[in-house]
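Working notes, structure below.
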Amino acid sequence: MTQISVRVDGAAYSDDVEPRTLLVHYLREQLGKVGTVVGCDTSNCGACTVHLDGEAVKSCTVLAVQADGSEVTTIEGIASNGTLHPMQKAFHEMHGLQCGFCTPGMIMASIDLVNDNPNPSDDEVREGIEGNLCRCTGYQNIVRAVQQAAAEMSGGSTASETLGAQA
Ligand code: FES
Ligand code: FES
């Protein structure tokens with residue numbers, strides 16, 4: 001066992017983990033952060049995506065010991081005071097999900113994408129989330145959701161607000 005100290009969703013944890021424990025298993029099984037899900041055993045679905053020191057990573061490709069001393073943010077840590085993060089709100093409003101299994105990882109990857117590119121084109125969104133697979137939506141509404149959130153995150157008006165203003 002190895003002791004690690006991490007901050008997860010704003011709270012400090014110190015835990016003993018086996019050196020082989022994957023970050024996703026530490027989050028789910030030791031911390032109960034089951035909002036982060038496992039969708040494959042080949043590291044290609046992206047459902048397990050979290051932020052490690054602000055960057056999106058597939059938490060099934062990172063050992064828990066590699067997160068020692070780091071800040072981890074999961075889908076459970078992005079709402080504030082009961083208010084959804086703009087990316088969560090946009091996925092809801094733009095119907096960017098169906099079964100919802102890919103959604104936690106898709107949202108975490110999309111936030112990182114918009115942090116790097118505040119005004120992504122369709123192609124840039126598709127390229128930015130290419131490591132995250134969705135079996136349901138066909139991606140079109142996900143692209144719209146990411147662009148709506150990008151507008152809100154950069155302080156611009158959102159598509160739904162614009163539509164509302166025109167109504
Ligand atoms: S669970 Fe599929 S990439 Fe991590
Ligand atoms: S909404 Fe079902 S996998 Fe994406």
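Note on naming: chains are A, B, ... as they come in the structure tokens, residues start from 1 per chain, ligands start from 1 in the order shown.
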Selection as a list in words: residues within 10 Å of ligand 2 by only C-alpha atoms and all ligand atoms: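 Checking only C-alpha atoms and all ligand atoms against ligand 2 at 10 Å gives Gly39, Cys45, Ala47, His95, Gly96, Leu97, Gln98, Cys99, Gly100, Phe101, Cys102, Thr103, Pro104, Gly105, Met106, Asn132, Leu133, Cys134, Arg135, Cys136, Thr137, Gly138, Tyr139 and Ile142 of chain A.
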Selection to disk with C-alpha atoms, as a PDB file, in the first residue's frame:
ATOM      1  CA  GLY A  39     -17.500   2.246 -20.126  1.00  0.00           C
ATOM      2  CA  CYS A  45     -14.566   5.319 -24.593  1.00  0.00           C
ATOM      3  CA  ALA A  47     -16.678   7.785 -20.068  1.00  0.00           C
ATOM      4  CA  HIS A  95     -30.645  17.368 -25.568  1.00  0.00           C
ATOM      5  CA  GLY A  96     -26.985  16.385 -25.706  1.00  0.00           C
ATOM      6  CA  LEU A  97     -27.698  13.013 -24.170  1.00  0.00           C
ATOM      7  CA  GLN A  98     -29.953  10.042 -24.452  1.00  0.00           C
ATOM      8  CA  CYS A  99     -28.955   7.144 -22.190  1.00  0.00           C
ATOM      9  CA  GLY A 100     -26.522   9.451 -20.412  1.00  0.00           C
ATOM     10  CA  PHE A 101     -23.760   6.922 -19.920  1.00  0.00           C
ATOM     11  CA  CYS A 102     -21.161   8.888 -21.885  1.00  0.00           C
ATOM     12  CA  THR A 103     -22.316  12.209 -20.441  1.00  0.00           C
ATOM     13  CA  PRO A 104     -20.083  12.618 -17.355  1.00  0.00           C
ATOM     14  CA  GLY A 105     -16.955  12.065 -19.406  1.00  0.00           C
ATOM     15  CA  MET A 106     -18.296  14.012 -22.369  1.00  0.00           C
ATOM     16  CA  ASN A 132     -15.174  10.288 -26.077  1.00  0.00           C
ATOM     17  CA  LEU A 133     -17.609   7.871 -27.651  1.00  0.00           C
ATOM     18  CA  CYS A 134     -21.400   8.168 -27.665  1.00  0.00           C
ATOM     19  CA  ARG A 135     -23.495   5.286 -28.906  1.00  0.00           C
ATOM     20  CA  CYS A 136     -26.797   7.158 -28.840  1.00  0.00           C
ATOM     21  CA  THR A 137     -26.900  10.747 -29.988  1.00  0.00           C
ATOM     22  CA  GLY A 138     -25.085  10.912 -33.302  1.00  0.00           C
ATOM     23  CA  TYR A 139     -23.109  13.785 -31.717  1.00  0.00           C
ATOM     24  CA  ILE A 142     -23.562  17.331 -28.246  1.00  0.00           C
TER      25      ILE A 142
END
As a ChimeraX atom specification, please: every residue in chain A that DSSP puts in alpha helix (DSSP H). /A:23-25,86-93,103-116,122-128,140-153,159-166
Can you tell me, as a short mmCIF file (atom, residue, chain, number, x, y, z; two decimals) with C-alpha atoms, in the first residue's frame, which residues in stretch 1-130 of chain A count as strand (DSSP E) by DSSP?
data_model
loop_
_atom_site.label_atom_id
_atom_site.label_comp_id
_atom_site.auth_asym_id
_atom_site.auth_seq_id
_atom_site.Cartn_x
_atom_site.Cartn_y
_atom_site.Cartn_z
CA THR A 2 1.05 3.55 -0.73
CA GLN A 3 -0.38 6.63 0.90
CA ILE A 4 -1.64 9.38 -1.39
CA SER A 5 -3.01 12.83 -0.65
CA VAL A 6 -5.34 14.37 -3.20
CA ARG A 7 -8.00 17.01 -3.40
CA VAL A 8 -11.11 15.72 -5.11
CA ALA A 11 -12.15 18.15 -0.46
CA ALA A 12 -8.84 16.80 0.82
CA TYR A 13 -8.30 13.05 1.10
CA SER A 14 -5.42 10.96 2.38
CA ASP A 15 -5.74 7.28 1.63
CA ASP A 16 -3.80 4.07 1.30
CA VAL A 17 -4.01 2.58 -2.19
CA THR A 49 -12.87 11.41 -18.04
CA VAL A 50 -12.05 13.69 -15.10
CA HIS A 51 -9.82 16.74 -14.71
CA LEU A 52 -6.37 16.20 -13.22
CA GLU A 55 -6.62 18.90 -17.75
CA ALA A 56 -9.03 16.24 -18.99
CA VAL A 57 -7.67 12.72 -18.53
CA LYS A 58 -9.18 9.29 -18.87
CA GLU A 71 -6.32 18.30 -7.72
CA VAL A 72 -8.97 16.08 -9.27
CA THR A 73 -12.34 17.33 -10.43
#
Throw together the list of residues within 7 Å of ligand 1, counting only C-alpha atoms and all ligand atoms, and drop it here as number ranges by chain. A: 37-49, 58-61
Exercise: stretch 82-89 of chain A partners within 12 Å, only C-alpha atoms, chain neighbours under 5 positions left out, as JSON, numbers by chain: {"A": [75, 76, 77, 94, 95, 96, 97, 100, 103, 104, 105, 106, 107, 108, 109, 110, 111, 112, 113, 114, 115, 142, 143, 144, 145, 146, 147, 148, 149, 150, 151, 152, 153, 154, 155, 156, 157, 158, 160]}
Would you save the residues from that selection as a short mmCIF file (atom, residue, chain, number, x, y, z; two decimals), in the first residue's frame, using C-alpha atoms?
data_model
loop_
_atom_site.label_atom_id
_atom_site.label_comp_id
_atom_site.auth_asym_id
_atom_site.auth_seq_id
_atom_site.Cartn_x
_atom_site.Cartn_y
_atom_site.Cartn_z
CA ILE A 75 -18.57 15.47 -12.78
CA GLU A 76 -19.77 15.63 -9.15
CA GLY A 77 -17.68 18.71 -8.45
CA MET A 94 -29.80 21.05 -26.13
CA HIS A 95 -30.65 17.37 -25.57
CA GLY A 96 -26.98 16.39 -25.71
CA LEU A 97 -27.70 13.01 -24.17
CA GLY A 100 -26.52 9.45 -20.41
CA THR A 103 -22.32 12.21 -20.44
CA PRO A 104 -20.08 12.62 -17.36
CA GLY A 105 -16.96 12.07 -19.41
CA MET A 106 -18.30 14.01 -22.37
CA ILE A 107 -18.99 17.03 -20.17
CA MET A 108 -15.58 16.92 -18.50
CA ALA A 109 -13.83 16.62 -21.87
CA SER A 110 -15.96 19.44 -23.28
CA ILE A 111 -15.14 21.82 -20.43
CA ASP A 112 -11.44 21.26 -21.05
CA LEU A 113 -12.02 21.80 -24.77
CA VAL A 114 -13.78 25.13 -24.19
CA ASN A 115 -11.16 26.24 -21.67
CA ILE A 142 -23.56 17.33 -28.25
CA VAL A 143 -21.83 19.73 -30.63
CA ARG A 144 -24.66 22.23 -30.20
CA ALA A 145 -24.51 21.87 -26.42
CA VAL A 146 -20.77 22.48 -26.31
CA GLN A 147 -21.14 25.59 -28.45
CA GLN A 148 -23.98 26.92 -26.31
CA ALA A 149 -21.94 26.35 -23.17
CA ALA A 150 -18.91 27.97 -24.80
CA ALA A 151 -20.95 31.11 -25.45
CA GLU A 152 -22.16 31.20 -21.87
CA MET A 153 -18.73 30.45 -20.40
CA SER A 154 -17.23 33.34 -22.35
CA GLY A 155 -20.00 35.70 -21.27
CA GLY A 156 -21.83 35.83 -24.59
CA SER A 157 -25.52 35.17 -25.14
CA THR A 158 -26.55 31.57 -25.62
CA SER A 160 -31.54 29.55 -26.21
#
Of the residues A:Thr74, A:Asn141, A:Met1, A:Glu18, which is the one nearest to A:Thr36, using only C-alpha atoms?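 Smallest separation from A:Thr36 among the options: A:Thr74.
The smallest atom-to-atom distance between A:Asp53 and any of A:Gly131, A:Pro19, A:Gly32, A:Gly10, using only C-alpha atoms, is found for A:Gly10.
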